[in-house]
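> This is upload-v7.pdb (PDB, C-alpha atoms).
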```pdb
ATOM      1  CA  MET A   1      52.185 -21.821  78.163
ATOM      2  CA  ASP A   2      48.955 -21.640  76.239
ATOM      3  CA  ALA A   3      50.826 -21.807  72.966
ATOM      4  CA  ARG A   4      52.547 -25.044  73.950
ATOM      5  CA  ARG A   5      49.329 -26.663  75.046
ATOM      6  CA  GLU A   6      47.541 -25.789  71.869
ATOM      7  CA  SER A   7      50.230 -26.631  69.354
ATOM      8  CA  GLU A   8      51.043 -30.059  70.766
ATOM      9  CA  PRO A   9      48.088 -32.216  71.670
ATOM     10  CA  THR A  10      49.523 -35.083  73.741
ATOM     11  CA  PRO A  11      49.454 -38.166  71.516
ATOM     12  CA  THR A  12      48.272 -40.825  73.941
ATOM     13  CA  THR A  13      47.135 -44.041  72.341
ATOM     14  CA  ASN A  14      44.580 -46.023  74.243
ATOM     15  CA  ARG A  15      44.119 -49.738  74.172
ATOM     16  CA  THR A  16      41.341 -51.480  72.288
ATOM     17  CA  THR A  17      39.978 -54.638  73.935
ATOM     18  CA  VAL A  18      37.757 -57.328  72.455
ATOM     19  CA  GLU A  19      35.994 -59.885  74.588
ATOM     20  CA  ARG A  20      33.666 -62.680  73.661
ATOM     21  CA  ARG A  21      31.281 -62.214  76.543
ATOM     22  CA  SER A  22      29.059 -65.156  75.726
ATOM     23  CA  GLU A  23      28.399 -67.482  72.797
ATOM     24  CA  ARG A  24      26.344 -64.737  71.142
ATOM     25  CA  GLU A  25      28.014 -61.520  72.345
ATOM     26  CA  LEU A  26      31.145 -59.586  71.489
ATOM     27  CA  VAL A  27      32.242 -56.488  73.383
ATOM     28  CA  VAL A  28      34.805 -53.990  72.066
ATOM     29  CA  THR A  29      36.055 -51.131  74.262
ATOM     30  CA  ARG A  30      38.304 -48.134  73.678
ATOM     31  CA  THR A  31      38.867 -44.729  75.230
ATOM     32  CA  ILE A  32      38.934 -41.816  72.787
ATOM     33  CA  ASN A  33      40.724 -38.560  73.611
ATOM     34  CA  GLY A  34      37.771 -36.197  73.372
ATOM     35  CA  PRO A  35      34.442 -35.300  74.950
ATOM     36  CA  ALA A  36      31.409 -37.526  74.261
ATOM     37  CA  ARG A  37      29.723 -34.687  72.352
ATOM     38  CA  ILE A  38      32.470 -34.718  69.712
ATOM     39  CA  VAL A  39      32.922 -38.500  69.616
ATOM     40  CA  PHE A  40      29.170 -38.925  69.133
ATOM     41  CA  GLU A  41      29.289 -36.437  66.284
ATOM     42  CA  ALA A  42      31.989 -38.515  64.583
ATOM     43  CA  TRP A  43      29.695 -41.572  64.778
ATOM     44  CA  THR A  44      26.596 -39.850  63.477
ATOM     45  CA  LYS A  45      27.676 -37.440  60.747
ATOM     46  CA  PRO A  46      28.358 -39.349  57.505
ATOM     47  CA  GLU A  47      31.056 -36.913  56.321
ATOM     48  CA  LEU A  48      32.968 -37.570  59.586
ATOM     49  CA  PHE A  49      32.079 -41.260  59.914
ATOM     50  CA  ARG A  50      33.499 -42.105  56.496
ATOM     51  CA  GLN A  51      36.855 -40.603  57.487
ATOM     52  CA  TRP A  52      37.554 -43.304  60.059
ATOM     53  CA  TRP A  53      35.309 -46.364  59.557
ATOM     54  CA  VAL A  54      37.439 -47.921  56.797
ATOM     55  CA  PRO A  55      41.116 -47.787  57.772
ATOM     56  CA  LYS A  56      43.637 -48.520  55.019
ATOM     57  CA  SER A  57      44.656 -51.823  56.623
ATOM     58  CA  MET A  58      41.206 -53.218  55.776
ATOM     59  CA  GLY A  59      42.079 -53.194  52.097
ATOM     60  CA  MET A  60      38.639 -51.843  51.277
ATOM     61  CA  SER A  61      37.328 -48.503  50.185
ATOM     62  CA  LEU A  62      34.031 -46.893  51.053
ATOM     63  CA  LEU A  63      32.029 -46.028  47.927
ATOM     64  CA  SER A  64      29.050 -44.442  49.626
ATOM     65  CA  CYS A  65      27.759 -43.755  53.116
ATOM     66  CA  GLU A  66      24.189 -42.736  53.853
ATOM     67  CA  MET A  67      23.058 -42.323  57.454
ATOM     68  CA  ASP A  68      19.700 -41.091  58.654
ATOM     69  CA  VAL A  69      20.505 -41.056  62.365
ATOM     70  CA  ARG A  70      17.156 -41.014  64.161
ATOM     71  CA  VAL A  71      14.973 -43.771  65.607
ATOM     72  CA  GLY A  72      13.649 -45.789  62.660
ATOM     73  CA  GLY A  73      16.083 -44.079  60.278
ATOM     74  CA  ARG A  74      18.224 -46.246  58.010
ATOM     75  CA  TYR A  75      21.862 -46.414  57.034
ATOM     76  CA  ARG A  76      23.633 -47.932  54.053
ATOM     77  CA  LEU A  77      27.384 -48.370  53.493
ATOM     78  CA  GLU A  78      28.773 -49.594  50.176
ATOM     79  CA  PHE A  79      32.288 -50.977  49.923
ATOM     80  CA  ALA A  80      34.647 -51.947  47.138
ATOM     81  CA  HIS A  81      37.073 -54.783  47.834
ATOM     82  CA  GLY A  82      39.220 -55.490  44.804
ATOM     83  CA  ASP A  83      36.764 -56.139  42.007
ATOM     84  CA  SER A  84      33.876 -57.032  44.286
ATOM     85  CA  GLN A  85      31.408 -54.803  46.077
ATOM     86  CA  SER A  86      29.380 -55.269  49.214
ATOM     87  CA  ALA A  87      26.776 -53.330  51.138
ATOM     88  CA  PHE A  88      25.965 -53.093  54.823
ATOM     89  CA  PHE A  89      22.648 -51.669  55.897
ATOM     90  CA  GLY A  90      20.167 -51.538  58.746
ATOM     91  CA  THR A  91      17.995 -49.393  61.003
ATOM     92  CA  TYR A  92      18.717 -47.159  64.001
ATOM     93  CA  LYS A  93      16.705 -48.409  66.982
ATOM     94  CA  GLU A  94      17.843 -45.935  69.635
ATOM     95  CA  VAL A  95      19.516 -42.564  69.281
ATOM     96  CA  THR A  96      20.345 -40.801  72.549
ATOM     97  CA  PRO A  97      22.624 -37.855  71.811
ATOM     98  CA  HIS A  98      26.130 -38.127  73.238
ATOM     99  CA  SER A  99      25.451 -41.351  75.142
ATOM    100  CA  ARG A 100      23.883 -44.233  73.220
ATOM    101  CA  LEU A 101      23.311 -45.620  69.725
ATOM    102  CA  VAL A 102      21.593 -48.899  68.799
ATOM    103  CA  TRP A 103      21.289 -50.214  65.264
ATOM    104  CA  THR A 104      20.481 -53.444  63.457
ATOM    105  CA  ASN A 105      22.572 -55.110  60.772
ATOM    106  CA  GLU A 106      20.160 -56.352  58.143
ATOM    107  CA  GLU A 107      22.418 -57.555  55.338
ATOM    108  CA  SER A 108      21.710 -61.134  56.456
ATOM    109  CA  ASP A 109      19.023 -62.928  58.491
ATOM    110  CA  GLU A 110      21.714 -63.656  61.050
ATOM    111  CA  GLY A 111      22.733 -60.023  61.511
ATOM    112  CA  SER A 112      23.659 -58.647  64.923
ATOM    113  CA  VAL A 113      22.225 -55.790  66.947
ATOM    114  CA  THR A 114      24.955 -53.274  67.783
ATOM    115  CA  THR A 115      24.824 -51.031  70.857
ATOM    116  CA  VAL A 116      27.423 -48.308  71.358
ATOM    117  CA  THR A 117      27.614 -46.334  74.589
ATOM    118  CA  PHE A 118      29.629 -43.154  75.101
ATOM    119  CA  ALA A 119      30.729 -42.416  78.680
ATOM    120  CA  GLU A 120      32.660 -39.210  79.260
ATOM    121  CA  LYS A 121      35.211 -38.879  82.058
ATOM    122  CA  GLY A 122      37.791 -36.139  82.424
ATOM    123  CA  GLY A 123      37.394 -34.933  78.852
ATOM    124  CA  LYS A 124      37.817 -38.463  77.437
ATOM    125  CA  THR A 125      35.172 -40.861  76.230
ATOM    126  CA  LEU A 126      34.956 -44.568  76.960
ATOM    127  CA  LEU A 127      33.341 -46.334  74.025
ATOM    128  CA  VAL A 128      31.719 -49.706  74.643
ATOM    129  CA  MET A 129      30.478 -51.473  71.549
ATOM    130  CA  HIS A 130      28.319 -54.494  72.198
ATOM    131  CA  GLU A 131      27.248 -56.853  69.418
ATOM    132  CA  LEU A 132      24.509 -59.376  70.039
ATOM    133  CA  TYR A 133      24.108 -62.145  67.449
ATOM    134  CA  PRO A 134      21.016 -64.350  67.051
ATOM    135  CA  SER A 135      23.100 -67.523  67.503
ATOM    136  CA  LYS A 136      26.588 -68.796  68.290
ATOM    137  CA  GLU A 137      26.935 -69.883  64.646
ATOM    138  CA  ALA A 138      26.148 -66.350  63.440
ATOM    139  CA  LEU A 139      28.876 -64.896  65.665
ATOM    140  CA  ASP A 140      31.377 -67.548  64.527
ATOM    141  CA  ALA A 141      30.536 -66.790  60.901
ATOM    142  CA  ALA A 142      30.918 -63.052  61.472
ATOM    143  CA  GLY A 143      34.272 -63.670  63.141
ATOM    144  CA  THR A 144      35.425 -65.690  60.166
ATOM    145  CA  GLY A 145      34.190 -62.884  57.939
ATOM    146  CA  ALA A 146      36.219 -60.329  59.852
ATOM    147  CA  ALA A 147      39.214 -62.647  59.790
ATOM    148  CA  ASP A 148      38.746 -63.010  56.037
ATOM    149  CA  ALA A 149      38.868 -59.257  55.710
ATOM    150  CA  MET A 150      42.033 -59.041  57.764
ATOM    151  CA  GLY A 151      43.987 -62.060  56.625
ATOM    152  CA  GLU A 152      44.381 -65.785  56.514
ATOM    153  CA  THR A 153      41.867 -68.180  57.997
ATOM    154  CA  PHE A 154      42.230 -71.695  59.256
ATOM    155  CA  GLU A 155      40.147 -72.943  56.338
ATOM    156  CA  GLN A 156      42.563 -71.307  53.928
ATOM    157  CA  LEU A 157      45.517 -72.876  55.728
ATOM    158  CA  ASP A 158      43.763 -76.221  55.596
ATOM    159  CA  GLU A 159      43.122 -75.845  51.867
ATOM    160  CA  LEU A 160      46.688 -74.770  51.275
ATOM    161  CA  LEU A 161      47.993 -77.792  53.139
ATOM    162  CA  VAL A 162      45.735 -80.138  51.207
ATOM    163  CA  THR A 163      46.841 -78.562  47.918
ATOM    164  CA  LEU A 164      50.475 -78.826  48.954
ATOM    165  CA  GLY A 165      49.869 -82.426  49.927
ATOM    166  CA  ALA A 166      48.341 -83.214  46.536
ATOM    167  CA  SER A 167      51.160 -81.581  44.578
ATOM    168  CA  LEU A 168      53.877 -83.207  46.685
ATOM    169  CA  GLY A 169      52.137 -86.536  46.348
ATOM    170  CA  ARG A 170      52.412 -86.243  42.573
ATOM    171  CA  SER A 171      56.065 -85.302  42.416
TER
ATOM    172  CA  MET B   1      60.159 -66.888  63.390
ATOM    173  CA  VAL B   2      60.132 -68.077  59.783
ATOM    174  CA  GLN B   3      61.790 -71.311  60.866
ATOM    175  CA  TYR B   4      59.195 -71.825  63.537
ATOM    176  CA  ALA B   5      56.333 -71.121  61.144
ATOM    177  CA  ARG B   6      57.813 -73.492  58.600
ATOM    178  CA  ALA B   7      58.232 -76.260  61.148
ATOM    179  CA  ARG B   8      54.632 -75.806  62.213
ATOM    180  CA  LEU B   9      53.480 -75.821  58.629
ATOM    181  CA  ASP B  10      55.420 -79.042  58.043
ATOM    182  CA  THR B  11      53.815 -80.906  60.939
ATOM    183  CA  SER B  12      50.344 -79.563  60.075
ATOM    184  CA  PHE B  13      50.914 -80.473  56.461
ATOM    185  CA  ALA B  14      52.018 -83.975  57.300
ATOM    186  CA  ALA B  15      49.075 -84.429  59.637
ATOM    187  CA  LEU B  16      46.497 -83.168  57.149
ATOM    188  CA  SER B  17      47.916 -84.883  54.067
ATOM    189  CA  ASP B  18      46.193 -88.125  54.981
ATOM    190  CA  ALA B  19      42.499 -88.662  54.194
ATOM    191  CA  THR B  20      41.866 -90.769  57.309
ATOM    192  CA  ARG B  21      43.363 -88.112  59.565
ATOM    193  CA  ARG B  22      41.243 -85.409  57.934
ATOM    194  CA  GLY B  23      38.251 -87.673  58.520
ATOM    195  CA  VAL B  24      39.221 -88.080  62.179
ATOM    196  CA  LEU B  25      39.410 -84.285  62.601
ATOM    197  CA  GLU B  26      36.003 -83.910  61.003
ATOM    198  CA  GLN B  27      34.626 -86.591  63.312
ATOM    199  CA  LEU B  28      36.150 -84.948  66.418
ATOM    200  CA  GLY B  29      34.690 -81.637  65.258
ATOM    201  CA  ARG B  30      31.281 -83.206  65.807
ATOM    202  CA  SER B  31      32.072 -84.929  69.116
ATOM    203  CA  ASP B  32      34.903 -86.313  71.220
ATOM    204  CA  ALA B  33      35.604 -89.994  70.692
ATOM    205  CA  SER B  34      37.743 -92.797  72.079
ATOM    206  CA  ILE B  35      40.444 -94.407  69.961
ATOM    207  CA  THR B  36      38.327 -97.583  69.898
ATOM    208  CA  ASP B  37      35.329 -95.617  68.507
ATOM    209  CA  LEU B  38      37.521 -94.031  65.861
ATOM    210  CA  ALA B  39      39.133 -97.342  64.874
ATOM    211  CA  GLU B  40      35.683 -98.865  64.404
ATOM    212  CA  LYS B  41      34.357 -95.913  62.429
ATOM    213  CA  PHE B  42      37.290 -95.917  60.047
ATOM    214  CA  HIS B  43      37.535 -99.734  59.861
ATOM    215  CA  MET B  44      41.051 -99.825  61.225
ATOM    216  CA  THR B  45      43.034-101.701  63.813
ATOM    217  CA  LEU B  46      43.504-100.068  67.180
ATOM    218  CA  THR B  47      47.255 -99.794  66.532
ATOM    219  CA  GLY B  48      46.712 -98.102  63.156
ATOM    220  CA  MET B  49      44.346 -95.529  64.658
ATOM    221  CA  LYS B  50      46.724 -94.915  67.557
ATOM    222  CA  LYS B  51      49.410 -93.977  65.029
ATOM    223  CA  HIS B  52      47.116 -91.551  63.196
ATOM    224  CA  VAL B  53      46.001 -89.920  66.443
ATOM    225  CA  GLY B  54      49.656 -89.666  67.480
ATOM    226  CA  VAL B  55      50.481 -87.681  64.335
ATOM    227  CA  LEU B  56      47.508 -85.359  64.875
ATOM    228  CA  GLU B  57      48.483 -84.944  68.503
ATOM    229  CA  GLN B  58      52.042 -83.978  67.581
ATOM    230  CA  ALA B  59      50.724 -81.328  65.206
ATOM    231  CA  GLY B  60      48.633 -79.910  68.052
ATOM    232  CA  LEU B  61      45.423 -80.629  66.187
ATOM    233  CA  VAL B  62      44.181 -83.242  68.675
ATOM    234  CA  THR B  63      44.617 -83.781  72.396
ATOM    235  CA  THR B  64      44.011 -87.046  74.199
ATOM    236  CA  GLU B  65      43.262 -87.897  77.775
ATOM    237  CA  LYS B  66      43.280 -91.310  79.372
ATOM    238  CA  VAL B  67      40.582 -91.984  81.916
ATOM    239  CA  GLY B  68      40.713 -95.509  83.278
ATOM    240  CA  ARG B  69      41.264 -97.746  80.280
ATOM    241  CA  VAL B  70      39.757 -95.407  77.712
ATOM    242  CA  ARG B  71      41.766 -92.776  75.818
ATOM    243  CA  THR B  72      39.449 -89.967  74.699
ATOM    244  CA  CYS B  73      40.404 -87.736  71.764
ATOM    245  CA  LYS B  74      39.241 -84.177  71.187
ATOM    246  CA  LEU B  75      40.167 -81.311  68.885
ATOM    247  CA  GLY B  76      43.384 -79.806  70.114
ATOM    248  CA  THR B  77      44.728 -76.497  71.282
ATOM    249  CA  ARG B  78      45.296 -75.311  67.711
ATOM    250  CA  ARG B  79      41.561 -74.716  67.532
ATOM    251  CA  LEU B  80      41.757 -72.564  70.640
ATOM    252  CA  GLU B  81      44.687 -70.697  69.139
ATOM    253  CA  GLU B  82      42.603 -70.045  66.053
ATOM    254  CA  GLU B  83      39.761 -68.694  68.152
ATOM    255  CA  THR B  84      42.209 -66.337  69.847
ATOM    256  CA  ALA B  85      43.671 -65.479  66.451
ATOM    257  CA  TRP B  86      40.372 -64.288  65.025
ATOM    258  CA  LEU B  87      39.576 -62.285  68.136
ATOM    259  CA  GLU B  88      43.004 -60.680  67.771
ATOM    260  CA  ARG B  89      42.401 -59.872  64.092
ATOM    261  CA  TYR B  90      39.033 -58.414  65.032
ATOM    262  CA  ARG B  91      40.738 -56.355  67.749
ATOM    263  CA  GLN B  92      43.295 -55.088  65.242
ATOM    264  CA  LEU B  93      40.508 -54.025  62.887
ATOM    265  CA  TRP B  94      38.804 -52.020  65.614
ATOM    266  CA  ASP B  95      42.109 -50.714  66.904
ATOM    267  CA  SER B  96      43.001 -49.206  63.533
ATOM    268  CA  ARG B  97      39.455 -47.876  63.155
ATOM    269  CA  PHE B  98      39.641 -46.174  66.537
ATOM    270  CA  ASP B  99      43.098 -44.767  65.778
ATOM    271  CA  GLU B 100      41.479 -43.043  62.788
ATOM    272  CA  LEU B 101      38.555 -41.929  64.972
ATOM    273  CA  ASP B 102      41.063 -40.403  67.394
ATOM    274  CA  LYS B 103      42.459 -38.321  64.530
ATOM    275  CA  VAL B 104      38.995 -37.140  63.470
ATOM    276  CA  VAL B 105      38.148 -36.182  67.068
ATOM    277  CA  GLU B 106      41.491 -34.403  67.441
ATOM    278  CA  GLU B 107      40.759 -32.399  64.299
ATOM    279  CA  LEU B 108      37.250 -31.484  65.516
ATOM    280  CA  LYS B 109      38.682 -30.335  68.855
ATOM    281  CA  ARG B 110      41.204 -28.148  67.057
ATOM    282  CA  LYS B 111      38.476 -26.601  64.894
ATOM    283  CA  GLU B 112      36.323 -25.873  67.936
ATOM    284  CA  LYS B 113      39.217 -24.137  69.627
ATOM    285  CA  ILE B 114      39.833 -21.952  66.579
ATOM    286  CA  ASP B 115      36.120 -21.161  66.230
ATOM    287  CA  GLY B 116      35.966 -20.351  69.944
ATOM    288  CA  ARG B 117      38.856 -17.899  69.598
ATOM    289  CA  LYS B 118      37.215 -16.244  66.594
ATOM    290  CA  LYS B 119      34.017 -15.724  68.561
ATOM    291  CA  ARG B 120      35.906 -14.081  71.398
ATOM    292  CA  GLU B 121      37.726 -11.699  69.065
TER
END
```
Taking this structure as input, can you express it in the form of structure tokens?


Amino acid sequence: MDARRESEPTPTTNRTTVERRSERELVVTRTINGPARIVFEAWTKPELFRQWWVPKSMGMSLLSCEMDVRVGGRYRLEFAHGDSQSAFFGTYKEVTPHSRLVWTNEESDEGSVTTVTFAEKGGKTLLVMHELYPSKEALDAAGTGAADAMGETFEQLDELLVTLGASLGRS
Amino acid sequence: MVQYARARLDTSFAALSDATRRGVLEQLGRSDASITDLAEKFHMTLTGMKKHVGVLEQAGLVTTEKVGRVRTCKLGTRRLEEETAWLERYRQLWDSRFDELDKVVEELKRKEKIDGRKKRE
């Protein structure tokens, strides 16, 4: 009985939700199949963090990942996206082992403050990630940025349509 | 699905291929307006503007509502769809991130179990 339990961890996939809670706030939730102690470790140890933060579908690769996880400590992530590179960096504001992390995003003046809470229940951990932006415009821009990373945007569609219109108009 | 996407692209394309209609969308992006307002702003007859708004409305880019004798135009449901679309893309990003996190956590749990057994031996 033991052997079966250990060789086949039940592959349950939990649902990720995203909610725009107000004009300036986004909330992402997901339950992870493991105790908060381990999930927290995966968020705070760079060698673990870099294994999951940049999934293949993002079309980016992580060049470097430095994390000094303590209050006032800084982090810096460098990405390659095709031929271009970008960096994300900021400061940890709160570090409460196994339950709460708060950091700033300082790559722009309009960066958000991210709060992640880890709540353990029955050996699983509910993650709640809350992002607070300084303005509605900053959140909209970040959303467009994320959309850019994942695929087509309305602006691109608009441009495409205008280009198509111009070329059809000529023919 | 492809047919549907193409049909949508066609109506959007037709709607956006006209400079006045793009101007109207830009204007409605700033604030709602009546057809009379729009006709005045773009130096057009009421009938001409009604036609343009009709095309935008068909493409789902503009909605109109008649209150009394005034027909008010605002940006349409497509904009709402786009808002939902970016939230969904954002959700997909986090979903694939968390799927990877699940794997990392699974691996750590396995290692702990093995280490635990070693200690007991």

> Determine, counting only C-alpha atoms, which protein, DNA and RNA residues have an atom within 9 Å of an atom of Gly76 of chain B; residues of the same chain fewer than 3 positions away are not included. Present the result as a PyMOL selection string.

chain B and resi 56-57+59-64+73+79-80

> Could you write out the selected residues, including C-alpha atoms, as a PDB file, in the frame of the given file?


```pdb
ATOM      1  CA  LEU B  56      47.508 -85.359  64.875  1.00  0.00           C
ATOM      2  CA  GLU B  57      48.483 -84.944  68.503  1.00  0.00           C
ATOM      3  CA  ALA B  59      50.724 -81.328  65.206  1.00  0.00           C
ATOM      4  CA  GLY B  60      48.633 -79.910  68.052  1.00  0.00           C
ATOM      5  CA  LEU B  61      45.423 -80.629  66.187  1.00  0.00           C
ATOM      6  CA  VAL B  62      44.181 -83.242  68.675  1.00  0.00           C
ATOM      7  CA  THR B  63      44.617 -83.781  72.396  1.00  0.00           C
ATOM      8  CA  THR B  64      44.011 -87.046  74.199  1.00  0.00           C
ATOM      9  CA  CYS B  73      40.404 -87.736  71.764  1.00  0.00           C
ATOM     10  CA  ARG B  79      41.561 -74.716  67.532  1.00  0.00           C
ATOM     11  CA  LEU B  80      41.757 -72.564  70.640  1.00  0.00           C
TER      12      LEU B  80
END
```

> Can you spell out as an mmCIF file with C-alpha atoms, in the frame of the given file the set of residues that the ChimeraX specification (/A :<12) & /B selects in the structure I just provided?


```cif
data_model
loop_
_atom_site.group_PDB
_atom_site.id
_atom_site.type_symbol
_atom_site.label_atom_id
_atom_site.label_comp_id
_atom_site.auth_asym_id
_atom_site.auth_seq_id
_atom_site.Cartn_x
_atom_site.Cartn_y
_atom_site.Cartn_z
ATOM 1 C CA ARG B 8 54.632 -75.806 62.213
ATOM 2 C CA LEU B 9 53.480 -75.821 58.629
ATOM 3 C CA ASP B 10 55.420 -79.042 58.043
ATOM 4 C CA THR B 11 53.815 -80.906 60.939
ATOM 5 C CA SER B 12 50.344 -79.563 60.075
ATOM 6 C CA PHE B 13 50.914 -80.473 56.461
ATOM 7 C CA ALA B 14 52.018 -83.975 57.300
ATOM 8 C CA ALA B 15 49.075 -84.429 59.637
ATOM 9 C CA LEU B 16 46.497 -83.168 57.149
ATOM 10 C CA SER B 17 47.916 -84.883 54.067
ATOM 11 C CA ASP B 18 46.193 -88.125 54.981
ATOM 12 C CA ALA B 19 42.499 -88.662 54.194
ATOM 13 C CA ARG B 21 43.363 -88.112 59.565
ATOM 14 C CA ARG B 22 41.243 -85.409 57.934
ATOM 15 C CA LEU B 25 39.410 -84.285 62.601
ATOM 16 C CA LEU B 61 45.423 -80.629 66.187
ATOM 17 C CA ARG B 78 45.296 -75.311 67.711
ATOM 18 C CA ARG B 79 41.561 -74.716 67.532
ATOM 19 C CA LEU B 80 41.757 -72.564 70.640
ATOM 20 C CA GLU B 81 44.687 -70.697 69.139
ATOM 21 C CA GLU B 82 42.603 -70.045 66.053
ATOM 22 C CA GLU B 83 39.761 -68.694 68.152
ATOM 23 C CA THR B 84 42.209 -66.337 69.847
ATOM 24 C CA ALA B 85 43.671 -65.479 66.451
ATOM 25 C CA TRP B 86 40.372 -64.288 65.025
ATOM 26 C CA LEU B 87 39.576 -62.285 68.136
ATOM 27 C CA GLU B 88 43.004 -60.680 67.771
ATOM 28 C CA ARG B 89 42.401 -59.872 64.092
ATOM 29 C CA TYR B 90 39.033 -58.414 65.032
ATOM 30 C CA ARG B 91 40.738 -56.355 67.749
ATOM 31 C CA GLN B 92 43.295 -55.088 65.242
ATOM 32 C CA LEU B 93 40.508 -54.025 62.887
ATOM 33 C CA TRP B 94 38.804 -52.020 65.614
ATOM 34 C CA ASP B 95 42.109 -50.714 66.904
ATOM 35 C CA SER B 96 43.001 -49.206 63.533
ATOM 36 C CA ARG B 97 39.455 -47.876 63.155
ATOM 37 C CA PHE B 98 39.641 -46.174 66.537
ATOM 38 C CA ASP B 99 43.098 -44.767 65.778
ATOM 39 C CA GLU B 100 41.479 -43.043 62.788
ATOM 40 C CA LEU B 101 38.555 -41.929 64.972
ATOM 41 C CA ASP B 102 41.063 -40.403 67.394
ATOM 42 C CA LYS B 103 42.459 -38.321 64.530
ATOM 43 C CA VAL B 104 38.995 -37.140 63.470
ATOM 44 C CA VAL B 105 38.148 -36.182 67.068
ATOM 45 C CA GLU B 106 41.491 -34.403 67.441
ATOM 46 C CA GLU B 107 40.759 -32.399 64.299
ATOM 47 C CA LEU B 108 37.250 -31.484 65.516
ATOM 48 C CA LYS B 109 38.682 -30.335 68.855
ATOM 49 C CA ARG B 110 41.204 -28.148 67.057
ATOM 50 C CA LYS B 111 38.476 -26.601 64.894
ATOM 51 C CA GLU B 112 36.323 -25.873 67.936
ATOM 52 C CA LYS B 113 39.217 -24.137 69.627
ATOM 53 C CA ILE B 114 39.833 -21.952 66.579
ATOM 54 C CA ARG B 117 38.856 -17.899 69.598
#
```

> Between A:Arg21, A:Glu110, A:Val27, A:Ser86, single out the one closest to Glu131 of chain A, counting all atoms listed in the file.

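Closest residue, counting all atoms listed in the file: A:Val27.
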
> Could you jot down the atom CA of Ala33 of chain B to atom CA of Thr72 of chain B separation for me, Å, one decimal place?

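A separation of 5.6 Å between them.
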
> Between atom CA of Val113 of chain A and atom CA of Leu126 of chain A, what is the spacing in Å?

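Computed distance, atom CA of Leu126 of chain A to atom CA of Val113 of chain A, equals 19.7 Å.
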
> Atom CA of Phe88 of chain A to atom CA of Glu106 of chain A: how many Å, to one decimal?

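Atom-to-atom, atom CA of Phe88 of chain A to atom CA of Glu106 of chain A, that is 7.4 Å.
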
> What lies within 9 Å of Glu137 of chain A using all atoms listed in the file, ignoring chain neighbours under 5 positions off, as a list in words?

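Result of the neighbour search: Glu23, Arg24, Glu110 and Ala142 of chain A.
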